Structure formats: structure tokens, C-alpha cells
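Colleague: Can you read through this structure? Questions will come right after.
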Amino acid sequence: MDIKGSKMTHGEFAAEGRITQHLKDVHLMLEQAECVKQRLPLLEIHADVLEACVRQGEGDLDNSAVIKEIRRRTRS
């Protein structure tokens, strides 16, 4: 969190771990959970946030860029 938190607060999203790569891994985890009939509700929400970032054209940014989607969701 020390590294990613700093990237989030400073808006520095040069890719170290891309959102698209992270989303692929999250989908793999969800698929495995489904095989054993285990729901992972927080991971499902996380996947939704990552997918929204990809739709916004942010898939090649560092996965710390999820803060952008969190901010979009919390605007009133």
C-alpha cells in the first residue's frame, strides 16, 4: 500500500502491473471459486471496478488507477 497509495494520491499511473493483467487474474480466481461453488463477493466487486476501468480506456494503466473508478463512483 505504501507504493500504490502514493501512486494513487499523486496520480502517477505508469504501469508496473496493468489493470488488464490484474483483471485476467481476478477472472481466473472467480472461475476457480465457481468450480467449488464458492462465492467471493468482494472479488466480484473488484472485478466490476477493474472492468469499468477497462471500459474507460484505462486498461493499460497501473492497477493503482482503480482509484479513478472509485472516485467516479463516489461523485455526487
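Ordering of the C-alpha cells sets the chain letters (A, B, ...); residue numbers start at 1 within each chain; ligands are numbered from 1 in the order shown.
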Determine, counting only C-alpha atoms, which protein, DNA and RNA residues have an atom within 12 Å of an atom of range 50-53 of chain A; residues of the same chain fewer than 3 positions away are not included. Present the result as a ChimeraX atom specification.
Modeller: /A:18-27,43-47,56-73
Colleague: Using N, CA, C and O atoms, can you write the selected residues to a file as a compact mmCIF listing (two decimals), in the first residue's frame?
Modeller:
```txt
# COMPACT_ATOMS: atom_id res chain seq x y z
N ARG A 18 -0.44 -3.86 -14.97
CA ARG A 18 -1.56 -3.30 -15.73
C ARG A 18 -2.92 -3.81 -15.21
O ARG A 18 -3.06 -4.94 -14.77
N ILE A 19 -3.91 -2.94 -15.33
CA ILE A 19 -5.28 -3.29 -14.95
C ILE A 19 -5.74 -4.51 -15.73
O ILE A 19 -6.35 -5.41 -15.15
N THR A 20 -5.46 -4.57 -17.03
CA THR A 20 -5.92 -5.72 -17.83
C THR A 20 -5.32 -7.02 -17.33
O THR A 20 -6.00 -8.05 -17.29
N GLN A 21 -4.06 -7.01 -16.94
CA GLN A 21 -3.41 -8.21 -16.42
C GLN A 21 -4.04 -8.61 -15.08
O GLN A 21 -4.32 -9.78 -14.84
N HIS A 22 -4.28 -7.63 -14.25
CA HIS A 22 -4.88 -7.90 -12.95
C HIS A 22 -6.30 -8.45 -13.13
O HIS A 22 -6.69 -9.41 -12.44
N LEU A 23 -7.05 -7.88 -14.07
CA LEU A 23 -8.41 -8.35 -14.33
C LEU A 23 -8.40 -9.80 -14.80
O LEU A 23 -9.24 -10.60 -14.39
N LYS A 24 -7.43 -10.16 -15.64
CA LYS A 24 -7.31 -11.55 -16.10
C LYS A 24 -7.14 -12.47 -14.89
O LYS A 24 -7.81 -13.50 -14.77
N ASP A 25 -6.27 -12.09 -13.97
CA ASP A 25 -6.03 -12.91 -12.78
C ASP A 25 -7.28 -12.99 -11.89
O ASP A 25 -7.60 -14.05 -11.35
N VAL A 26 -7.99 -11.88 -11.75
CA VAL A 26 -9.22 -11.87 -10.96
C VAL A 26 -10.26 -12.80 -11.58
O VAL A 26 -10.93 -13.56 -10.88
N HIS A 27 -10.38 -12.76 -12.91
CA HIS A 27 -11.31 -13.67 -13.58
C HIS A 27 -10.93 -15.13 -13.33
O HIS A 27 -11.81 -15.98 -13.12
N LEU A 43 -14.43 -9.95 -4.30
CA LEU A 43 -13.67 -10.09 -5.54
C LEU A 43 -14.56 -9.78 -6.75
O LEU A 43 -14.10 -9.22 -7.73
N GLU A 44 -15.85 -10.10 -6.65
CA GLU A 44 -16.78 -9.75 -7.72
C GLU A 44 -16.89 -8.24 -7.87
O GLU A 44 -16.91 -7.72 -9.00
N ILE A 45 -16.93 -7.53 -6.76
CA ILE A 45 -16.96 -6.06 -6.81
C ILE A 45 -15.66 -5.54 -7.41
O ILE A 45 -15.67 -4.63 -8.24
N HIS A 46 -14.55 -6.12 -6.99
CA HIS A 46 -13.25 -5.71 -7.51
C HIS A 46 -13.20 -5.91 -9.03
O HIS A 46 -12.73 -5.03 -9.76
N ALA A 47 -13.70 -7.03 -9.51
CA ALA A 47 -13.75 -7.29 -10.95
C ALA A 47 -14.58 -6.23 -11.65
O ALA A 47 -14.20 -5.73 -12.72
N GLN A 56 -13.31 2.47 -19.61
CA GLN A 56 -12.91 3.89 -19.66
C GLN A 56 -11.58 4.08 -20.40
O GLN A 56 -11.06 5.19 -20.46
N GLY A 57 -11.02 2.99 -20.93
CA GLY A 57 -9.76 3.08 -21.67
C GLY A 57 -8.53 3.11 -20.78
O GLY A 57 -7.46 3.52 -21.22
N GLU A 58 -8.66 2.63 -19.54
CA GLU A 58 -7.56 2.69 -18.58
C GLU A 58 -6.89 1.34 -18.36
O GLU A 58 -6.08 1.18 -17.45
N GLY A 59 -7.17 0.38 -19.21
CA GLY A 59 -6.66 -0.97 -19.03
C GLY A 59 -5.16 -1.10 -19.03
O GLY A 59 -4.61 -2.01 -18.40
N ASP A 60 -4.46 -0.22 -19.72
CA ASP A 60 -3.00 -0.29 -19.77
C ASP A 60 -2.32 0.50 -18.67
O ASP A 60 -1.09 0.51 -18.58
N LEU A 61 -3.11 1.15 -17.81
CA LEU A 61 -2.54 1.88 -16.69
C LEU A 61 -2.21 0.91 -15.55
O LEU A 61 -2.70 -0.22 -15.52
N ASP A 62 -1.41 1.37 -14.62
CA ASP A 62 -1.10 0.59 -13.44
C ASP A 62 -2.38 0.30 -12.68
O ASP A 62 -3.31 1.11 -12.69
N ASN A 63 -2.41 -0.85 -12.00
CA ASN A 63 -3.64 -1.21 -11.30
C ASN A 63 -3.99 -0.26 -10.16
O ASN A 63 -5.10 -0.28 -9.66
N SER A 64 -3.09 0.62 -9.78
CA SER A 64 -3.43 1.65 -8.79
C SER A 64 -4.42 2.66 -9.35
O SER A 64 -5.07 3.40 -8.59
N ALA A 65 -4.60 2.66 -10.67
CA ALA A 65 -5.55 3.58 -11.30
C ALA A 65 -7.00 3.24 -10.96
O ALA A 65 -7.90 3.98 -11.33
N VAL A 66 -7.22 2.15 -10.23
CA VAL A 66 -8.59 1.85 -9.79
C VAL A 66 -9.16 3.01 -8.98
O VAL A 66 -10.37 3.18 -8.91
N ILE A 67 -8.29 3.82 -8.40
CA ILE A 67 -8.75 4.97 -7.63
C ILE A 67 -9.58 5.91 -8.51
O ILE A 67 -10.50 6.58 -8.03
N LYS A 68 -9.29 5.92 -9.81
CA LYS A 68 -10.05 6.77 -10.73
C LYS A 68 -11.51 6.32 -10.78
O LYS A 68 -12.43 7.14 -10.76
N GLU A 69 -11.73 5.01 -10.84
CA GLU A 69 -13.10 4.48 -10.86
C GLU A 69 -13.78 4.68 -9.51
O GLU A 69 -14.96 5.00 -9.45
N ILE A 70 -13.04 4.49 -8.44
CA ILE A 70 -13.61 4.72 -7.12
C ILE A 70 -14.07 6.16 -7.00
O ILE A 70 -15.17 6.44 -6.51
N ARG A 71 -13.26 7.08 -7.48
CA ARG A 71 -13.66 8.50 -7.45
C ARG A 71 -14.88 8.76 -8.32
O ARG A 71 -15.77 9.51 -7.94
N ARG A 72 -14.93 8.11 -9.49
CA ARG A 72 -16.10 8.29 -10.36
C ARG A 72 -17.36 7.81 -9.64
O ARG A 72 -18.42 8.44 -9.75
N ARG A 73 -17.26 6.73 -8.92
CA ARG A 73 -18.42 6.15 -8.24
C ARG A 73 -18.84 6.94 -7.00
O ARG A 73 -19.97 6.80 -6.56
```
Colleague: Taking the DSSP assignment computed from this structure's backbone, write out as a PyMOL selection string all residues of chain A that belong to alpha helix (DSSP H).
Modeller: chain A and resi 2-10+19-35+41-55+66-74
Colleague: Could you jot down the CA of His10 in chain A to CA of Val49 in chain A separation for me, Å, one decimal place?
Modeller: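 Separation between CA of His10 in chain A and CA of Val49 in chain A: 20.0 Å.
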Colleague: What is the distance, in Å and to one decimal place, between CA of Arg75 in chain A and CA of Val54 in chain A?
Modeller: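 The value is 19.2 Å.
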Colleague: Which value, in Å to one decimal, gives the distance between CA of Ala15 in chain A and CA of Ile3 in chain A?
Modeller: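 Computing the Euclidean distance for CA of Ala15 in chain A and CA of Ile3 in chain A yields 12.6 Å.
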Colleague: Pick out the closest residue to Leu30 in chain A from this set: A:Arg55, A:Thr74, A:Asp48, A:Thr9. Count only C-alpha atoms.
Modeller: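 Ranked by minimum distance to Leu30 in chain A, first place goes to A:Asp48.
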